[in-house]
Amino acid sequence: MKKRTKRVLLIIAIVLVAGLVFLFTYVPSLSKRHGVVETILYLGDSDNQPLIVAFGGAEGAIDWHRNHMKTKRDSLIQKGYAILAIGYFNAEGTPRNLDRISLDAISDTIMSIAKNSKIDESKIALIGGSRGGELVLNLASRFNHFNAVIAMSTSNVSFPAITWSANTSSWTYKNKEVSYVPAGLNTISPAIKGDLYTAHSLMLEDEEAVKKAEIQVENINGPILILSGKDDDQWPATLMSNRIIERLNENDFKYYKEHIILNGGHIEPLKQFNLVYDFLEKHLPPE
């Protein structure tokens, strides 16, 4: 009986180990929709409109097309800006998951639309929150045709794809995966419990991975505004945003930069959008 019990336990252990190995080595197939981006362009009546390119976060779809963003869209258009709302995953025609999204495809799409006769191609600002904030920093640090960045509740590093294995990057650049901070075994339990703050904090303890995955924000070709809520429960946005400013200072960043810490949580920056209006009017004003 004892030998049989030991044999059963051994088999269970082997199965568990094999399962873990599979979990941490499995690479899902690249989406057949890789490189497809969905867009909606909102234009005002004036000429030479600066373009605000807007991204949502981990919920996917075209977030800035949703009703809850209508007031902000309308206000920006009234101020003389054009809005390009982008869905980079979980939108019609796009990849289903936030997994190896092509930065090149997004950039090419933006610049193609920016050739519209009513748009001032020399004034393009990127705005995104949460994973969308991570995205805009990745984009602007690689393509110098973007002239301003607003990152809300953002990260200073690239995180893994949002897939069940979390074993690939969220982004690709020139057909190669962007370095990311991996999700270790210790993140499984908090992630299952929905404690994303702890899961992300544990990932950030891997200092070597963080160094490799840190976004090179010093390469951004224009002013940067960062907004974070000090009580963010999704990830340590204020800590990561402070690190962005530190990196900019370390590299003698020549443009305007500011990190405003707000009293509130993950979506607090959207509640204090007057800060975004002020930044745009100062650094990317319509003619």
# chains A, B, ... in the order shown; residues from 1 in each chain; ligands from 1
$ residues_around --residues "region 215-220 of chain A" --least-positions-apart "5" --cutoff "7 Å" --atoms "only C-alpha atoms" --output "PyMOL selection string"
chain A and resi 137-138+140-141+144+156-158+248+251+253
$ select_by_dssp --residues "region 47-146 of chain A" --states "strand (DSSP E)" --output "VMD selection string"
chain A and resid 49 to 55 82 to 87 101 to 102 119 to 129
$ write_last_selection --atoms "C-alpha atoms" --output "tab-separated table (two decimals), in the first residue's frame"
chain	number	residue	atom	x	y	z
A	49	GLN	CA	-5.93	70.48	-36.52
A	50	PRO	CA	-3.38	68.89	-34.15
A	51	LEU	CA	-4.09	65.16	-33.92
A	52	ILE	CA	-4.74	63.46	-30.57
A	53	VAL	CA	-4.27	59.69	-30.93
A	54	ALA	CA	-6.16	57.97	-28.12
A	55	PHE	CA	-5.81	54.44	-26.75
A	82	ALA	CA	-8.82	66.07	-34.20
A	83	ILE	CA	-9.21	62.75	-32.37
A	84	LEU	CA	-8.06	59.39	-33.70
A	85	ALA	CA	-9.53	56.62	-31.55
A	86	ILE	CA	-7.63	53.35	-31.96
A	87	GLY	CA	-8.53	49.77	-31.14
A	101	ILE	CA	0.72	43.91	-30.84
A	102	SER	CA	2.71	45.48	-33.67
A	119	ILE	CA	-4.72	67.56	-39.90
A	120	ASP	CA	-1.44	69.19	-39.00
A	121	GLU	CA	0.95	66.26	-39.43
A	122	SER	CA	3.63	68.08	-37.43
A	123	LYS	CA	1.49	68.09	-34.28
A	124	ILE	CA	0.62	64.58	-33.10
A	125	ALA	CA	0.05	63.74	-29.44
A	126	LEU	CA	-0.45	60.25	-28.02
A	127	ILE	CA	-2.69	59.66	-25.01
A	128	GLY	CA	-3.35	56.39	-23.22
A	129	GLY	CA	-4.19	55.01	-19.81
$ residues_around --residues "Ser201 (chain A)" --least-positions-apart "4" --cutoff "7 Å" --atoms "only C-alpha atoms" --output "ChimeraX atom specification"
/A:197,205,235-236
$ closest_residue --among "A:Thr163, A:Ala91, A:Asn221, A:Phe273" --to "His145 (chain A)" --atoms "only C-alpha atoms"
A:Asn221
$ closest_residue --among "A:Thr39, A:Ser241, A:Asn67, A:Ser75" --to "Glu258 (chain A)" --atoms "only C-alpha atoms"
A:Ser241
$ closest_residue --among "A:Ile226, A:Val136, A:Val276, A:Leu98" --to "Thr168 (chain A)" --atoms "only C-alpha atoms"
A:Leu98
$ closest_residue --among "A:Glu177, A:Glu134, A:Asp206, A:Asp231" --to "Gly56 (chain A)" --atoms "only C-alpha atoms"
A:Glu134
$ closest_residue --among "A:Asp195, A:Asp45, A:Glu250, A:Glu59" --to "Asn97 (chain A)" --atoms "only C-alpha atoms"
A:Glu59
$ closest_residue --among "A:Ala199, A:Arg96, A:Asn147, A:Pro285" --to "Gly222 (chain A)" --atoms "only C-alpha atoms"
A:Asn147
$ atom_distance --atom1 "CA of Pro182 (chain A)" --atom2 "CA of Arg142 (chain A)"
21.8 Å
$ residues_around --residues "Lys72 (chain A)" --least-positions-apart "4" --cutoff "10 Å" --atoms "only C-alpha atoms" --output "list in words"
Trp64, Asn67, His68, Leu76, Ile77, Gln78, Leu270, Phe273, Asn274 and Tyr277 of chain A
$ write_last_selection --atoms "N, CA and C atoms" --output "PDB file, in the first residue's frame"
ATOM      1  N   TRP A  64     -12.022  55.009 -26.863  1.00  0.00           N
ATOM      2  CA  TRP A  64     -12.374  56.420 -27.022  1.00  0.00           C
ATOM      3  C   TRP A  64     -13.592  56.634 -27.923  1.00  0.00           C
ATOM      4  N   ASN A  67     -19.325  55.746 -25.128  1.00  0.00           N
ATOM      5  CA  ASN A  67     -20.100  56.899 -24.661  1.00  0.00           C
ATOM      6  C   ASN A  67     -19.434  57.622 -23.498  1.00  0.00           C
ATOM      7  N   HIS A  68     -18.738  56.874 -22.642  1.00  0.00           N
ATOM      8  CA  HIS A  68     -18.170  57.515 -21.452  1.00  0.00           C
ATOM      9  C   HIS A  68     -17.026  58.471 -21.803  1.00  0.00           C
ATOM     10  N   LEU A  76     -12.320  68.285 -26.781  1.00  0.00           N
ATOM     11  CA  LEU A  76     -11.073  68.429 -27.543  1.00  0.00           C
ATOM     12  C   LEU A  76     -11.342  68.939 -28.958  1.00  0.00           C
ATOM     13  N   ILE A  77     -12.407  68.437 -29.576  1.00  0.00           N
ATOM     14  CA  ILE A  77     -12.758  68.890 -30.921  1.00  0.00           C
ATOM     15  C   ILE A  77     -13.136  70.373 -30.901  1.00  0.00           C
ATOM     16  N   GLN A  78     -13.877  70.793 -29.879  1.00  0.00           N
ATOM     17  CA  GLN A  78     -14.255  72.198 -29.746  1.00  0.00           C
ATOM     18  C   GLN A  78     -13.030  73.089 -29.558  1.00  0.00           C
ATOM     19  N   LEU A 270      -8.691  60.291 -15.404  1.00  0.00           N
ATOM     20  CA  LEU A 270      -9.811  60.621 -16.290  1.00  0.00           C
ATOM     21  C   LEU A 270     -10.791  61.598 -15.636  1.00  0.00           C
ATOM     22  N   PHE A 273      -9.394  65.685 -16.062  1.00  0.00           N
ATOM     23  CA  PHE A 273      -8.936  65.840 -17.440  1.00  0.00           C
ATOM     24  C   PHE A 273      -8.565  67.280 -17.772  1.00  0.00           C
ATOM     25  N   ASN A 274      -8.908  68.211 -16.903  1.00  0.00           N
ATOM     26  CA  ASN A 274      -8.495  69.594 -17.129  1.00  0.00           C
ATOM     27  C   ASN A 274      -6.974  69.705 -17.197  1.00  0.00           C
ATOM     28  N   TYR A 277      -6.115  69.049 -20.791  1.00  0.00           N
ATOM     29  CA  TYR A 277      -6.420  70.221 -21.620  1.00  0.00           C
ATOM     30  C   TYR A 277      -5.330  71.283 -21.467  1.00  0.00           C
TER      31      TYR A 277
END
